[in-house]
Each structure stands twice: as structure tokens, then as C-alpha cells.
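Structure first, then comments.
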There are 2 protein chains.
Amino acid sequence: MPPGDVPDIVVGRLPIYLRALTHMAAAGQEITSSHELGQKLGISSAQIRKDLSHFGEFGKQGTGYRISHLMDQIKRILKVEREWEVALIGVGDLGHAVARYGGFKNRGFHISFLFDNDPAKIGSPIGELAILDSAQLQDVLVERAIKVAMIAVPASEAQKVADVCIEAGVKAILNYAPISLTVPDGVHVQHLDPVAYLQRMTYYL
Amino acid sequence: MPPGDVPDIVVGRLPIYLRALTHMAAAGQEITSSHELGQKLGISSAQIRKDLSHFGEFGKQGTGYRISHLMDQIKRILKVEREWEVALIGVGDLGHAVARYGGFKNRGFHISFLFDNDPAKIGSPIGELAILDSAQLQDVLVERAIKVAMIAVPASEAQKVADVCIEAGVKAILNYAPISLTVPDGVHVQHLDPVAYLQRMTYYL
């Protein structure tokens, strides 16, 4: 089935399923059911079965899902059975924490390049990476054919940085800056704005 | 209209509209249209009008929206015309960055309490706050009637911390730990897992 035929909201739930399955597998569990998965995630088992049915047949009625098989299939669907090189632009407080965040490992992503425009930071190391000058951003992205970028610069700089990334061929941007980025068709952007997530909860309080 | 009658996905777009309107207002703009807002956000103008129509009548055909009025109304709907006291639990790299993040200001939230269980951190200051001992978490949450918490502890600790928060009356949890939390009905949780957002984009690459 071509990507365009699956609703984006369904695609958005696959990483959640994968995360839960990974935790089950790490705990030694081998089999699960849409019922168990649904209870863990607060999603109905019917919804989970319907979501997965967009992509094929992954379990048998009554026997449940083999976790390792379902994980492999979801990784393949999400194209994270490989590892994507990621550029992180902006190494302030938040970017620094993102650069040191252990949660990317074994989940399809590897931060390969750090950029900042602060002369005091350029050249200094975080883990095994040295911070590069943002002036080199476009050249490095093109040369290494980087498709995924994370932006953690101030809001006032974020659109400019995104434009450079897109010009250099980046197709997926995870934006930590509290501003909505404008991107052309064919480029994907997700916003990690904690306040937006808090606000959608206070609505219900 | 009671909260239950508006689809959650519509509620989830209101903070995005509010963020965009805030940027327009900060730039001195007074009037906008569903068309302009839609172009900035990559959402159709019809969708925006339909979303807002769940809550009332905010603009006139042909004259657009008065930005300050629409902002006030969305803030009221999202209950962020007031400021919520927030407890942040876990002051590692990421929690530290969250504690120092400037983006909460004037958007309805104020981090009032920091907690960690590391004796080396307890008592030390971040900005104007001293880090409190996690052993006090439940007492402080109850005493101050805190309804909103952010969890930035390791994945292995996150459910336990969430359970304490919920027991103490917290109703909204923003979870930075890369694990899906299980919460009872009436408690809301949002997960800020950067990898999940990256994975839903690589699907399309």
C-alpha cells in the first residue's frame, strides 16, 4: 500500500506500538495481544487491529502477536530497521540535553553532527562529537546526504535554519523551537513544544 | 459544549493555533484569516474554521479574526488564561534543560517545584528554585494542590513516579521518559518522545 493511503494518525501510532513492544521484549515477553497492548496504551484493541491491518496480517486470531516479528515488521514499515544519521542544530541547554539523550540508540537514529553559531562552543566536544560551525551546515548536510535534522535553536532563528536544511536536502525536521515552521510539500516537520502538549491537557481539567 | 463532545484531535490543534496567533501578535499584527493561519500551519482554512466552530463564532466572513480576541478565547477554552503551578520530577540533563527552558512563560504554566532523588542534587538551585527531595513529592503535591506534573526521570522510574503523582491528585502529566505510562481514567498524559516523532516522519522517506 503506498504511504499516501494510510492516514497520518495511524502512522503516528506505529512508533507508540513499537515502543511498547520493545519494552515487553526487553522484559523477556515473547507473545502479546491487541487486548494487552491496548490496555497498556489506553487504545482500544479494535483500533490496534485496524491500524495494523493497513500493513498486512501480523497475528492470528486467538494466538496473538509474536513480539519480535511484529517489532521487525513495524521497524521495516517505519524505515528504522536501518540507522539514520541526524544533524542537531543548536547546542544550548536543550540541544545539549538532546545530544546527550540516550533514548535514540537502537531506535533508528544516530546523532552524527552538532552545529552551533556560538564561537565559544564551536570545536568543543559533547561525547564523541565536536560542535561544528553553523556556517558549514549546508555543505555538511549535502556532502553526507543527511535527510533528518533536529532544530534546537531559539525561535527567532528556527525558520532560517530550517530553510538551510531543506535547501540542503533534509526531508524530516524535528523542531524543538517554540514556533511553527513552514515547510514545502515533501518535507515533514514535527514540533516538540511542551507547552502545546500541556495546553491540550488543561483543556480537560 | 461539554469537553467530551469535541474530538481530542481538535483540542490538540488549539495550542498550535494559539502559538501561531501569539507570534503574529508579537509581530504587531492585529487581524488574520483562516486562510493565512492555514498557510502558516499547513492546515486547510476549512479545517481551521470547522475546529473553531466547535467553540463558538470568533470571526466574520470576509473580515477575518481579531487576533487578540481569538487568543483570549482560545486561552479561556484551554484554561490557560490563568497560570498553572507545575512540578518537574527528575533533574538530569533533560530535566535541567526543561527547568531552564524559557518557553513556558506567559503560556499558562510556571514550574514551581523541582524534585530529584540524587542526594548530590537535592538542595542545589536552578534559577530561583532549589531541588527538593523526591521523598517529599507526594506531600508537596497534595499540600499545594498541584494538578500538572512533568516527568523527566529514567524510563525505569517513570511509572512509579507517575503513580505517586496521580495518588497525590495530579491530573495532567507530560512525560519525557521514553516509556508509555499507564494512567487511570480522568488523568491525562502526553508523551514527549523525540524518537516517536522522528519515526513517524521516516515512514514517508
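Ordering of the C-alpha cells sets the chain letters (A, B, ...); residue numbers start at 1 within each chain; ligands are numbered from 1 in the order shown.
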Kindly provide, as a count of residues only, the residues of chain B having any atom no farther than 7 Å from an atom of chain A, counting only C-alpha atoms.
36
Residues within 10 Å of A:Ser112, only C-alpha atoms, excluding chain neighbours under 6 positions, as a PDB file with N, CA, C and O atoms, in the first residue's frame:
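Wrote result.pdb, looks like this:
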ATOM      1  N   TRP A  84      19.436   6.116  10.764  1.00  0.00           N
ATOM      2  CA  TRP A  84      19.533   7.396  10.063  1.00  0.00           C
ATOM      3  C   TRP A  84      20.550   8.294  10.754  1.00  0.00           C
ATOM      4  O   TRP A  84      20.509   8.442  11.974  1.00  0.00           O
ATOM      5  N   GLU A  85      21.427   8.926   9.955  1.00  0.00           N
ATOM      6  CA  GLU A  85      22.306   9.955  10.501  1.00  0.00           C
ATOM      7  C   GLU A  85      21.490  11.231  10.702  1.00  0.00           C
ATOM      8  O   GLU A  85      20.757  11.663   9.802  1.00  0.00           O
ATOM      9  N   VAL A  86      21.631  11.832  11.859  1.00  0.00           N
ATOM     10  CA  VAL A  86      20.850  13.016  12.196  1.00  0.00           C
ATOM     11  C   VAL A  86      21.789  14.179  12.504  1.00  0.00           C
ATOM     12  O   VAL A  86      22.809  13.990  13.165  1.00  0.00           O
ATOM     13  N   ALA A  87      21.439  15.363  12.013  1.00  0.00           N
ATOM     14  CA  ALA A  87      22.162  16.575  12.387  1.00  0.00           C
ATOM     15  C   ALA A  87      21.339  17.327  13.429  1.00  0.00           C
ATOM     16  O   ALA A  87      20.127  17.483  13.269  1.00  0.00           O
ATOM     17  N   LEU A  88      22.009  17.764  14.481  1.00  0.00           N
ATOM     18  CA  LEU A  88      21.349  18.565  15.524  1.00  0.00           C
ATOM     19  C   LEU A  88      21.904  19.980  15.451  1.00  0.00           C
ATOM     20  O   LEU A  88      23.112  20.180  15.565  1.00  0.00           O
ATOM     21  N   ALA A  99      21.571  16.130  22.732  1.00  0.00           N
ATOM     22  CA  ALA A  99      22.792  15.492  22.239  1.00  0.00           C
ATOM     23  C   ALA A  99      23.236  14.360  23.159  1.00  0.00           C
ATOM     24  O   ALA A  99      23.795  13.368  22.708  1.00  0.00           O
ATOM     25  N   GLU A 128      31.339  12.022  21.838  1.00  0.00           N
ATOM     26  CA  GLU A 128      32.377  11.776  20.833  1.00  0.00           C
ATOM     27  C   GLU A 128      32.360  12.782  19.699  1.00  0.00           C
ATOM     28  O   GLU A 128      33.135  12.685  18.759  1.00  0.00           O
ATOM     29  N   LEU A 129      31.428  13.731  19.748  1.00  0.00           N
ATOM     30  CA  LEU A 129      31.292  14.690  18.648  1.00  0.00           C
ATOM     31  C   LEU A 129      31.828  16.063  19.039  1.00  0.00           C
ATOM     32  O   LEU A 129      31.637  16.509  20.171  1.00  0.00           O
ATOM     33  N   ALA A 130      32.452  16.746  18.057  1.00  0.00           N
ATOM     34  CA  ALA A 130      32.822  18.144  18.265  1.00  0.00           C
ATOM     35  C   ALA A 130      31.733  19.015  17.640  1.00  0.00           C
ATOM     36  O   ALA A 130      31.151  18.666  16.608  1.00  0.00           O
ATOM     37  N   ARG A 144      27.045  14.725   3.175  1.00  0.00           N
ATOM     38  CA  ARG A 144      26.728  13.470   3.839  1.00  0.00           C
ATOM     39  C   ARG A 144      25.307  12.999   3.540  1.00  0.00           C
ATOM     40  O   ARG A 144      24.846  12.023   4.095  1.00  0.00           O
ATOM     41  N   ILE A 146      22.419  14.059   4.413  1.00  0.00           N
ATOM     42  CA  ILE A 146      21.606  13.956   5.639  1.00  0.00           C
ATOM     43  C   ILE A 146      20.143  14.282   5.305  1.00  0.00           C
ATOM     44  O   ILE A 146      19.855  15.279   4.652  1.00  0.00           O
TER      45      ILE A 146
END
Could you please determine the separation between atom CA of B:Ser124 and atom CA of B:Val161 in Å, to one decimal place?
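Straight-line distance from atom CA of B:Ser124 to atom CA of B:Val161 works out to 20.9 Å.
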Where in stretch 1-173 of chain B does DSSP assign strand (DSSP E or B), given as a JSON list (two decimals) with C-alpha atoms, in the first residue's frame?
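Saved to out32.json:
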[["chain", "number", "residue", "atom", "x", "y", "z"],
["B", 31, "ILE", "CA", -6.14, 40.74, 12.12],
["B", 32, "THR", "CA", -5.73, 37.34, 10.48],
["B", 59, "GLY", "CA", -14.75, 35.94, 13.24],
["B", 60, "LYS", "CA", -16.94, 37.32, 10.49],
["B", 64, "GLY", "CA", -11.25, 37.65, 9.47],
["B", 65, "TYR", "CA", -10.32, 37.22, 13.11],
["B", 66, "ARG", "CA", -9.23, 39.89, 15.55],
["B", 84, "TRP", "CA", -0.81, 26.50, 36.48],
["B", 85, "GLU", "CA", 1.81, 25.55, 39.03],
["B", 86, "VAL", "CA", 3.85, 22.65, 37.64],
["B", 87, "ALA", "CA", 6.06, 20.15, 39.41],
["B", 88, "LEU", "CA", 9.06, 18.80, 37.49],
["B", 89, "ILE", "CA", 10.36, 15.46, 38.67],
["B", 109, "PHE", "CA", 2.50, 27.34, 33.14],
["B", 110, "HIS", "CA", 5.04, 28.02, 35.82],
["B", 111, "ILE", "CA", 7.46, 25.43, 37.15],
["B", 112, "SER", "CA", 7.08, 25.81, 40.90],
["B", 113, "PHE", "CA", 8.80, 22.71, 42.23],
["B", 114, "LEU", "CA", 11.79, 20.62, 41.19],
["B", 115, "PHE", "CA", 12.35, 17.13, 42.57],
["B", 116, "ASP", "CA", 15.19, 14.64, 42.33],
["B", 125, "PRO", "CA", 19.43, 25.75, 42.98],
["B", 126, "ILE", "CA", 18.28, 26.05, 39.38],
["B", 129, "LEU", "CA", 14.20, 27.13, 42.76],
["B", 130, "ALA", "CA", 16.01, 24.66, 44.99],
["B", 131, "ILE", "CA", 15.80, 20.99, 44.07],
["B", 132, "LEU", "CA", 13.64, 19.12, 46.59],
["B", 133, "ASP", "CA", 13.97, 15.53, 47.75],
["B", 148, "VAL", "CA", 0.17, 19.33, 36.44],
["B", 149, "ALA", "CA", 3.46, 17.43, 36.53],
["B", 150, "MET", "CA", 6.34, 16.89, 34.12],
["B", 151, "ILE", "CA", 8.31, 13.68, 34.47],
["B", 172, "ALA", "CA", -2.11, 16.04, 33.73],
["B", 173, "ILE", "CA", 1.32, 14.51, 33.13]]
Computed gap from atom CA of B:Ile166 to atom CA of B:Ala145 is 11.6 Å
Can you list, as a list in words, every protein, DNA or RNA residue that comes within 9 Å of A:Leu37 when you count only C-alpha atoms, leaving out same-chain residues fewer than 6 positions away?
Tyr17, Ala20, Leu21, Ile43, Ser44, Ser45 and Ile48 of chain A
Go ahead and save the picked residues with C-alpha atoms, as a PDB file, in the first residue's frame.
ATOM      1  CA  TYR A  17       3.213   0.370  19.411  1.00  0.00           C
ATOM      2  CA  ALA A  20       5.561  -0.683  23.960  1.00  0.00           C
ATOM      3  CA  LEU A  21       6.614  -3.881  22.169  1.00  0.00           C
ATOM      4  CA  ILE A  43      -6.139   2.470  22.939  1.00  0.00           C
ATOM      5  CA  SER A  44      -8.919   0.004  22.070  1.00  0.00           C
ATOM      6  CA  SER A  45      -7.827  -3.415  20.845  1.00  0.00           C
ATOM      7  CA  ILE A  48      -4.869  -1.532  17.160  1.00  0.00           C
TER       8      ILE A  48
END
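Straight-line separation from atom CA of B:Pro7 to atom CA of A:Gly38: 19.6 Å.
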If you run DSSP over the backbone, which residues in stretch 30-73 of chain B end up helix (DSSP H, G or I)? Put them as a ChimeraX atom specification.
/B:34-41,45-53,67-73
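Across B:Gln47, B:Ser156, B:Phe55, B:Ile67, the tightest approach to B:Ala25 is made by B:Ile67 when counting only C-alpha atoms.
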